[in-house]
Each structure stands twice: as C-alpha cells, then as structure tokens.
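What follows is a short report on a single structure.
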Amino acid sequence: TLFTNNKASVNFYSQPLRLRSEAVKSVNNGPPSYELLNYDPVANNSAVVISGNARFTVLTDRVIRMEYLADSSDPTFEDRPTLAFLNRKLPVSKFTKTIDDNVLIIKTAKLQLKYIIGQPFNASALSVTSLDSSSVFKSWYFGEPNHGNLLGTIKSLDLLAAETLNCTENAGKYVHDVAIPRRICLCCHTLFVKESLHCEWGLISRDGWSVVNDSNNWALTKGAEWWDSINVDYHDLYFFGHGHDYIGALSDFVKVSIGAGRHRHLSIAGHIPMTPRYSTGIWFTRWFDLNNLDVKDYIAGLLDNAQLSKILPTKKPIRCSVFTLPIVSEFVLETDYVERGFPLDVFVLDMNWHTKYHWGGYTLDPHLFPYPSDTFDYIHHLGLYVAGNLHDDDGVHNTEERFVSMCKAMGLDPMSTEQIPFSAVNKTYVYSVEDIVLQPLPFDFWWIDWQQGGTQGGCAGGKQNPTIWTDKIRVTTPKRQGKETRGLTLARFGGLGTHRYQVGFSGDVAGLTWGNLAYQPYFSMTASNVGYGFWSHDIEGPNNDLELYTRWLQWGTYSAVFRSHDRGMSGGGCADAGTCSIVRPWNVPLPFYNANKAAIINRATLTPYIYTAYRQAFDLGVSIIRPMYYYFPENDMAYKTDAKGSFSQYFFGDDMIVAPIVTRADSNTQMAKKSVWLPSGTWIEKDTGVFHQITQKDGKVLTKDYDITEIPVFVRAGAVIPGIPVNLGDTTGLAQRQYSTLVITIYPGATKGNTKIYEDDGITTEYLNDKFVWTHVTYERTAASINITIFSVGSYSSFPSLRKYIVRLVNNNPITAATVNSQRLFKNRYGGSGTTSFEGYEMTAILETAEEPTSSTVSISATYPPVDDRTLSGLAGMIKHATLSKRNLDDARQTPGSQKPVGGHLMSLSSSGDALEYLATLGPDVFQWNVNRIPKLYQDALRELTNGTLPDPIPTPDQVLMTLYLDSLNDHVLCGTSNCLTENSYYTTVRAEGYMPEAQTPFTTPLNLYWNGVMTGQKDNFVTTDPIPPQGYKPGDYQNNGQVYTRSDADKGLVPLQLWYKEDVNDHLTIATNASIDYAKANGYKLLNNTLGYVYAADPYEQRLNYKASSRMAYSISLLKNAIN
C-alpha cells in the first residue's frame, strides 16, 4: 500500500523523514528539493554587505534585499527559504560599496542604496535612489506609502462580488467566518471556519518601485520541503526598483537565463511551472451524481434520436435574441461533446465521485463506479485527463478503503480509531495521504475544493495556512514520488509564492450576474502582477439570460484556463421549477449554440499559441493574461480597466488585444456596445479584417457594437499566430497531442515578421533537461509575394518527424502560384494537401503542404495579384455581417428580394464569400472585379435596410445596362447581364446607360451581343437588337444580354438606345445617356442607328419597403453598420 519509486524501488517510509529529500534527482546546484527545481536560498557571499544588524543582498541590479535584526546578541540573518522566496543564489550583479560619513552606500548599475550605519530601519536611515535617468523611479525611503501600486490578488472569489484588491481596504475581511452546518447522508456536523483573503500587493507600481515585506513569512526547511518557523529577521524587505519596466520586475521575481550548453535556472521566488499541455484545452465539470454511464454519455453520447424525442421540453420560456423559445430540459441534451463536435480535454469529477459518509472522501462510490478501471480507461482511451474534487478537512475516516493502511503509517490502532484528523503540519500524515490514500486512485490530478480555514490542520494562520500548503503538496508530490510527470492542481491562492503551484480556482462564483462577469478579466489580469495569472473561473449561465452565458464562454476562450462548471445551480429544486443554470454549451437555442461552439473551437485552435505563452510564463514570469500597461506604461489609457468592466481589455500573449464583452446588449438592436482603447500602431480586428492604423501617440478609443457571435480581438499587424486544425469527428484530447499539423496564420501590415512556437512532450518535466523544440517561422513579403521559412531547433522523444503546414494569409488575394521546397502546389476549390485555395468568408488565401520532415527547413513561396491593405480592409466583416443580417431576416421572411423580384443587395453581399471561393479558381481578373464590387454592395445593402428602399441591385437581377471599356483594345461593350460583366471583368466600368424592362414584359425584344473573334486593337464587341450577327461576327458565349422596349410609349421615363461606330479603331458603341452621346461625338464616332429600342433613364424598380420598425430589423441594420468601423 505504500508508494514505491518506479525508478529505484525505494520505500520512502522505510527511511527517516529527514532523508527523503535525498532520493530526489538533482536538477541544479541547490539542495535536493521537491520543488520544481532545487533552489538555493543562500546568496553568494560576494553579493552580500553586512553592517551591524543590517544586511543587504544585491540580487539583481534592480532588486536589493534589506534585512535588519532586532537582537544584536544573535547575528543570525535569515538564510532559509520562505514561502515567497526560495532562491537567492543568483549571478552577482556588479556593484560597489563605500562608507562616507557613517553612511553605507551601495551602487548597482541602476540603484543607489544609502543606510546610516547603526541605525534601525526608518525613513531617515534607509533610502534608495535611481541611477537610471530614463527611469520614472526617482527615490524611496523606508516606510514610504506606495500609492501607485498596481495590486495583486486574493485567495478566491468565494462569497465575493467585485471585491477590492487593495490590501489595506480588505485587510479586515474574512470569508466563511460563520458556522456552516453540513448534512450529507448520515453525517451532520458544524464546521467553524475563518480565513483572510491572503491579499498580496503587486510587485509593480506606477510609482516605479515596490517593496515586498517578507518579515512575517514562514521559513521552510532545507530544500523548501517543510514548515520550519517564522522568519528570524525583524525586517526582511525586497526592494524592486524597475520604474515602469513592469515585465522586468516580474522577470526578476521569476526568471530564467540561458547559459552555455544548457539552461541555468535562476529565480528569486521560484518559477511558474509548465503545466501539462492538456491544461490549455477545454475542461468540463458539474456538481452532479454522475455514474459510469453518465460520464460516457457526457463525453460521447449514447441516446439516439428516438430516445431523445420522448423527452418533452418544459414550459418556461427564455429570452433569446429577438425570439422567444421554450427551454429544453437539461436531461434532453445530456449528450455530448463528441457527436456535437465540441472539443474536450479534461473531465473533472466533482465531489459526488466518492462515498457519501462525509462531506469529503477518498473512496470511489461503488454505486456509481462498480468497475472504476472500465470507466477511467474509457476516458483515458479518448485522450482525456481526469481530475477529482477533494475536501481534505474531514481527514481520513474509518469508512475509507485505505484507512487501515493509513493507520499503520501513522502508528495508530485501526480498531480503536474512528478518524485521523486532517493536518497540514504533520509530515507523516500529509505524505501518507498522498502516497497511500490518493496515489492508487485513477485520477490524473486533484481539485482542492475545501475552503481551507486559515488555522485548520494545526496552522498558525496568516502566512502559515493550509491553502498554500495543500497546493504545494499536490504539485510537488510527483517529483517526491520519483515521477517525471508534471505536478498540477486546481486550487485557491494561499499567498505570495503560490505561483509555483498552478492553476488557480477562483471558487464558486457568487452569482451569475453581469457585474461578476465584468470583474473577472480585471481580477485575472491584476493577478499577473504577482505571477498568478492562471486563474480558472467557473463558466456557466442562468437559463433566463443566454446572452450572459455566451459572453462568459467567450471570456473563457481568452482566459488562462477554460473550465465549464456549476456549483450546484444546474440541479436540485430548480429542476421542477425550470430555473436551473446551464453548464453544457450546447443546451441553448441555435444562435447561442453557434456562438458557443465557435468560441470553444476557437480556444482549441489556439493551443500552440497558448502553450507558447505558458512557456513564456515559465521563462519570464509574465502570464498569458497581461494588462495593457505592461506594454504601454506611460499612457494613462493603459490603466483604465477597472473592476466594473470599463475598458475591460488586456494582451492575450504577445500579439492579441482581447476585450471581452461584459455588458448586456441593447434590447432593440441586440448588439453590445464596447469601447476599446487601441494603442499607437497597426491592429487588425480578427473577426472583420478591419485595418486600424493608429497614428495618434496616445492611441484611439474605438466604440462600436458587437454581435453575440463576436469577441473583440485585435491582432498586431504582421503577427504570426500558430494554431492547430479542429476537424469534425476528431475533437477529444486535441490539446495534449503532438502537432501533426500546424496552422500558421499571417496577418497583413508588415513586410516581414516571425514567431517561435514552443513544443515539448507536454506531460513530463523533461523540459527542464532541454528536451524541447522551438519551431521558428519567419517571412518576408511584398505586395504581390511572400517567402516563408519554417525550421525547428531542439529535440525530444515524441517530436513529430513529419508535419503538415497550413498557411493562412489574412486579407489577401488568392494565390496564383506557390511552391514548397521548389515543389509546385495546385489550385483546388476545396483545399487539401499540396494545394492552394481561398476562404471567401474570411478573405484569406490558404496554402497547404504535404507532410514535410521536421528535421529540414521548409521553404514556401507564393505569388498573388498585388494586395492593397486599404482595399481589403473590412471586406470579411461586410460579408460576415451581411450573412448574419440575412439569416436574421430570413427567419421572418423579411429579407429584401426574398419574396419579390426587387431588392437583393443584402442577398448578393451575403453570397459573395462563397462565390469568391469559386471565382478564385477561375483567374485574378474575374475575382478582382467581384471583390471591387463588395463595398458598393455593402452600401446598397445598408441603404435598402436603413432607408426602407429596394433599388435594383447591380449586376443582378438583370436590369441595369453598363458600359465597359478596355483601352488597350479600343473596345466598348454594353452589358445587361452578370454573364456579360463576368466575361468582361477585366474591362473598366464607364457608366450605367439605363435600366431594362424585366424579361417577358410585353413590347420587348432581346438585346444581343456579338464579337469579331480577334484579340488585337481591332477587337470589337457589337451590341444590337438585330437577331442575325453581321458578317465576320459571332454570338457571345451566353444566350442573351438583356432586353429593351420596342415602343417609346411602353412605359413612362423611356429614352432611345443608340448605335454609334468609329471605323479607324473598329469599335461599335451602344449608348443612351447624354454623357455617352457627347463622348461619341467628341471622339469621331458616327451614328448608325438612333433607335435600337428604349430603356429607362432612371431606376424604375426602386420601391418602398412595407415593414414596421422592429427589433429584428434594427438588429440586421446594426449588424451592417458595425461591419467595418
């Protein structure tokens, strides 16, 4: 029953506890440790200056440790690791020390410290000034208030709403400071808990400095293994003087430097660990009594349609965009991630997995899981990982399966013992729970869900609390047990230093409100200021506000950890009342279903981008959620994000500004208004392709309305965003897989760019031994070509030997020619290996390689018609929003042109995306002509909705007559159909000559087009009503070119259509407008026929719509208005 080291078969419990650390593999030069690395808490002697009761340690050129002993009789300074600071043995920064008039002066390259020798630390005795004239930090004195501190984080959001993160203001606040009765089955007891918020100030400040007070922290034993005692220093302060180099401050707190041959891991506080890659993916959990069948049903589904149809919906209606639909019973849509094509990576079993004798438990409930290996093997077979919920405070009862073995380890008599109480200070108890009780269970990691009262388990409270300790133990256990798997836990924050024990569980959301949603991005990004930027929040929604649920999911897409969960609101008494919350993203009507699914798939596709940001957190201490002020510290707008959701925005990794929607949509337009501050530079709006070139020094505030399907994301111009494909039928366990295909998305706005994609085995700590790969992507481009180079550096055992690449060029013309390592690619309408294609809905050119060796450089070249960023800006938004607008109106049969042969601009615009994909295969001329008409279609579509008019669209239906001209061939042609316009798309449009009658109207005759079959300066297109082609001419490739009236009195507003001719260039000119007639006369044309027929001088088809103002129409209009701004 005891854990056996799988490498050396060492029984840890047969050794004295003090020797256990000796079984740990040494990773660096520090003492053996169960922490991620073997940190060394003792600074290099050369970095230390002692002056009486004061000691100063130069840790970096901008970080100085300042200690003072109250008792001069004991000159022992604190050299043990503390919970916050584990490693002080860093390379010695250059500095000088002098004494001038009883003042000790220490100078680094950036800072100057002055201390009056023999004085206790006070405002006059201790100060630091800046030696960097460019830094905003100027000076500091002991005890100076830090008014500009940018704050840190707190324990969790349990029972809290938008709680202040100011540690002075929340100092007296405790959570769970009440008697909580617990009644589960036969158990009934009362637990009194009281715990502070463990609030920590930020490591950064607008004042340019911060001080971490470690004086009251707990010091740990050798190797940071166990509690020891309170810090012996009277004052133990860490001064950070980085000015507004916020990333530099975090990097000094948690950093790594590159040495010759291998990494030298250097960190004051310990590194943010690389969690398993699957943690970047999609998590699901629910507080529900799931059994073996339920688990399989949630994941892959078992009920067929006949069974589902027997379940009736409840009667309670729900608010759904502009319609009202009945909510479907939660049970109806139990199934499932696989069949619905929703990605899933982590399945978390809430507390119901264990027996019900007590609130906590460590034994699988045999009623739910009679054969546990069958269920868990099934989950693992699908590539998923499983976490289990724990409430440690109950201790280990005699109802637990491994109680006897636990008693034996503790030296207790199992016959006379009913319960082994929880302890966070008894090493034997803690390790025995991990090795004897938990290790045999089939879970991959644990979710610590107990509220962890500050003094529970024998803790002193404050810095010594069970929250940080259970976090630490769960994350460091794999290394202690001799495993190479990475430690991972889902748990609350226990104070500075918890960044080493990821990921964060923010607790049960206090309420499903817009205010709580608005607070979470602010809360998450601010936590990055103490290295704890990997919070995981419950994602669920109320059943009467599906918009709120979708917006919560979308925020989750661009959060550090995506986890669907409810704390019990999706079941219970609400089931009969029809008021249960929603935790399954498909259990909503279609508009929200589509938005939810798109958000989750979007998260899955970004796996390489997110995982690379996880590596950056390990290397630099900079979390994936980054406040705007990290990059624009001198701009006041960068600090405008607040707890109420104003300017709720942040950097997501290096290249994306994300501004999640956290406010309700307008009840009329169904669009949510959002103001986003865009800093100076060029940014491309991801959903619309709008090109924002911000030239103002202070940036610009963009205010627009967003649809439920949209998440405001702005990508840095020229950025390279790596991703993976998500294919229907293959959506489980994607995050943990090796990248057999990489999607490389290149955004416009730069002539060159690059990125690095981090890769490793995703599960072990071998990355600490240089077992990883950086895949480099670089490109250079002109307006009409791009050259891309891809190569990988490094190695690890499971790195793919072959890989496909899918290159996506955003806002680009279709590729006309492309090669991969000199091998030609071929056009294909539907894409595929070794092809080029075009995605019209996204205005994106696509290039797909075959499998290429990762050991060799991949060189990709492509050419295309010249790209004008201004011309293509926003075309994707026009097409997407037109599609959404049309579908909205289609539901009520209100789309202009859908019922009568009038209108149709909106229909034409929404059809453009798919049409462009087809036209991209035909050639650049016809494609470009259709691209050029999109802005006018957009304006006409907007006009036909906003003005209530339906003018005849161009070019279809076939009503307008358009004169075209090609200068190189001296040829004019009159087109009355889309076929004619498409055939002559390389001609220049001159003007509309008039409007034709509809086909089969009385008193009409066909208008025919003939041509002479030559492609020289004598080419001639001849448009006439004569049914017989002239000698030397032949009919065009299409049957007709429209029709004209034969009588002038056939209708009002008719003008004659005339035929003119110029002999020296052999050009026939068919015209009707005064402007064209004046042109013919001025350029030597002769009139051949003054009345071929009659056409309308003005558009006769413009009609007024007979619709009443409605939310549906307002929604469609708002969609179009916000497509491109």
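Please note that chains go A, B, ... in the order of the structure tokens, that every chain numbers its residues from 1, and that ligands are numbered from 1 in the order shown.
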
| task | as a PyMOL selection string, please: all residues of range 391-447 of chain A that backbone DSSP puts in strand (DSSP E). | result | chain A and resi 396-397+419-420+445-447

| Any idea what's packed within 9 Å of Thr470 in chain A, counting only C-alpha atoms, ignoring anything in its chain fewer than 4 positions away? Could you give it as a VMD selection string? | chain A and resid 392 424 430 448 465 to 466 474 to 475 491

I need the chosen residues saved as an mmCIF file, in the first residue's frame, with N, CA, C and O atoms.
```
data_model
loop_
_atom_site.group_PDB
_atom_site.id
_atom_site.type_symbol
_atom_site.label_atom_id
_atom_site.label_comp_id
_atom_site.auth_asym_id
_atom_site.auth_seq_id
_atom_site.Cartn_x
_atom_site.Cartn_y
_atom_site.Cartn_z
ATOM 1 N N ASP A 392 -10.251 18.154 1.935
ATOM 2 C CA ASP A 392 -9.291 17.500 2.828
ATOM 3 C C ASP A 392 -9.612 17.637 4.306
ATOM 4 O O ASP A 392 -9.088 16.883 5.121
ATOM 5 N N ALA A 424 -2.027 19.824 8.437
ATOM 6 C CA ALA A 424 -1.145 20.434 7.448
ATOM 7 C C ALA A 424 0.256 20.614 8.002
ATOM 8 O O ALA A 424 1.125 21.163 7.322
ATOM 9 N N VAL A 430 0.548 14.046 6.014
ATOM 10 C CA VAL A 430 0.401 14.652 4.682
ATOM 11 C C VAL A 430 0.935 13.727 3.598
ATOM 12 O O VAL A 430 0.270 13.468 2.588
ATOM 13 N N ILE A 448 -8.592 20.912 -5.332
ATOM 14 C CA ILE A 448 -8.731 21.120 -3.891
ATOM 15 C C ILE A 448 -9.856 22.125 -3.663
ATOM 16 O O ILE A 448 -9.683 23.321 -3.868
ATOM 17 N N ASN A 465 -0.793 28.757 6.311
ATOM 18 C CA ASN A 465 -2.189 28.374 6.132
ATOM 19 C C ASN A 465 -2.267 27.110 5.296
ATOM 20 O O ASN A 465 -1.363 26.812 4.504
ATOM 21 N N PRO A 466 -3.333 26.344 5.442
ATOM 22 C CA PRO A 466 -3.438 25.085 4.695
ATOM 23 C C PRO A 466 -3.683 25.274 3.203
ATOM 24 O O PRO A 466 -3.507 24.337 2.432
ATOM 25 N N ARG A 474 0.334 19.011 -3.433
ATOM 26 C CA ARG A 474 -0.238 18.321 -4.609
ATOM 27 C C ARG A 474 0.626 18.525 -5.850
ATOM 28 O O ARG A 474 0.743 17.637 -6.700
ATOM 29 N N VAL A 475 1.246 19.689 -5.977
ATOM 30 C CA VAL A 475 2.060 19.967 -7.163
ATOM 31 C C VAL A 475 3.435 19.316 -7.066
ATOM 32 O O VAL A 475 3.999 18.872 -8.071
ATOM 33 N N ALA A 491 -6.693 24.907 -7.477
ATOM 34 C CA ALA A 491 -6.813 25.272 -6.071
ATOM 35 C C ALA A 491 -6.785 26.783 -5.909
ATOM 36 O O ALA A 491 -6.446 27.532 -6.827
#
```

| Selection near Thr612 in chain A, 9 Å with only C-alpha atoms, sequence-local residues under 5 positions removed, as a PyMOL selection string | chain A and resi 607+617+653+756-759

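Excluding His776 in chain A and any residue on its chain fewer than 6 positions from it, the residues at most 8 Å away by only C-alpha atoms are Asn754, Thr755, Lys756, Ile757, Thr789, Ile790, Phe791, Ser792 and Val793 of chain A.
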
Pull N, CA, C and O atoms from the residues just selected and write them as a short mmCIF file (atom, residue, chain, number, x, y, z; two decimals), in the first residue's frame.
```cif
data_model
loop_
_atom_site.label_atom_id
_atom_site.label_comp_id
_atom_site.auth_asym_id
_atom_site.auth_seq_id
_atom_site.Cartn_x
_atom_site.Cartn_y
_atom_site.Cartn_z
N ASN A 754 7.94 37.27 -37.72
CA ASN A 754 8.40 35.97 -37.25
C ASN A 754 7.69 35.60 -35.97
O ASN A 754 7.08 36.45 -35.30
N THR A 755 7.79 34.33 -35.62
CA THR A 755 7.34 33.85 -34.33
C THR A 755 8.12 32.61 -33.98
O THR A 755 8.78 32.00 -34.84
N LYS A 756 8.06 32.21 -32.70
CA LYS A 756 8.62 30.95 -32.24
C LYS A 756 7.51 30.18 -31.56
O LYS A 756 6.78 30.73 -30.73
N ILE A 757 7.40 28.90 -31.89
CA ILE A 757 6.37 28.03 -31.33
C ILE A 757 7.05 27.02 -30.41
O ILE A 757 7.93 26.27 -30.85
N THR A 789 9.82 30.78 -44.21
CA THR A 789 10.79 29.77 -43.82
C THR A 789 10.39 29.19 -42.47
O THR A 789 10.10 29.94 -41.53
N ILE A 790 10.36 27.87 -42.38
CA ILE A 790 10.00 27.18 -41.14
C ILE A 790 11.09 26.18 -40.80
O ILE A 790 11.48 25.36 -41.64
N PHE A 791 11.59 26.25 -39.58
CA PHE A 791 12.59 25.27 -39.14
C PHE A 791 12.48 25.08 -37.64
O PHE A 791 12.00 25.96 -36.91
N SER A 792 12.93 23.94 -37.16
CA SER A 792 12.82 23.58 -35.75
C SER A 792 14.20 23.37 -35.15
O SER A 792 15.08 22.79 -35.80
N VAL A 793 14.36 23.82 -33.90
CA VAL A 793 15.63 23.69 -33.18
C VAL A 793 15.37 22.99 -31.86
O VAL A 793 14.50 23.41 -31.09
#
```

| task | Find the residues near His499 in chain A: any atom within 10 Å, counting only C-alpha atoms, skip ones fewer than 6 places away on the same chain, and give them as a ChimeraX atom specification. | result | /A:84,254,269-273,468,471-472,493,527-528,530-534,621

| said: Need to verify the contact set: Gln693 in chain A, 9 Å, only C-alpha atoms, exclusion of same-chain residues closer than 6 positions in sequence. Can you return it as a ChimeraX atom specification? | reply: /A:680-684
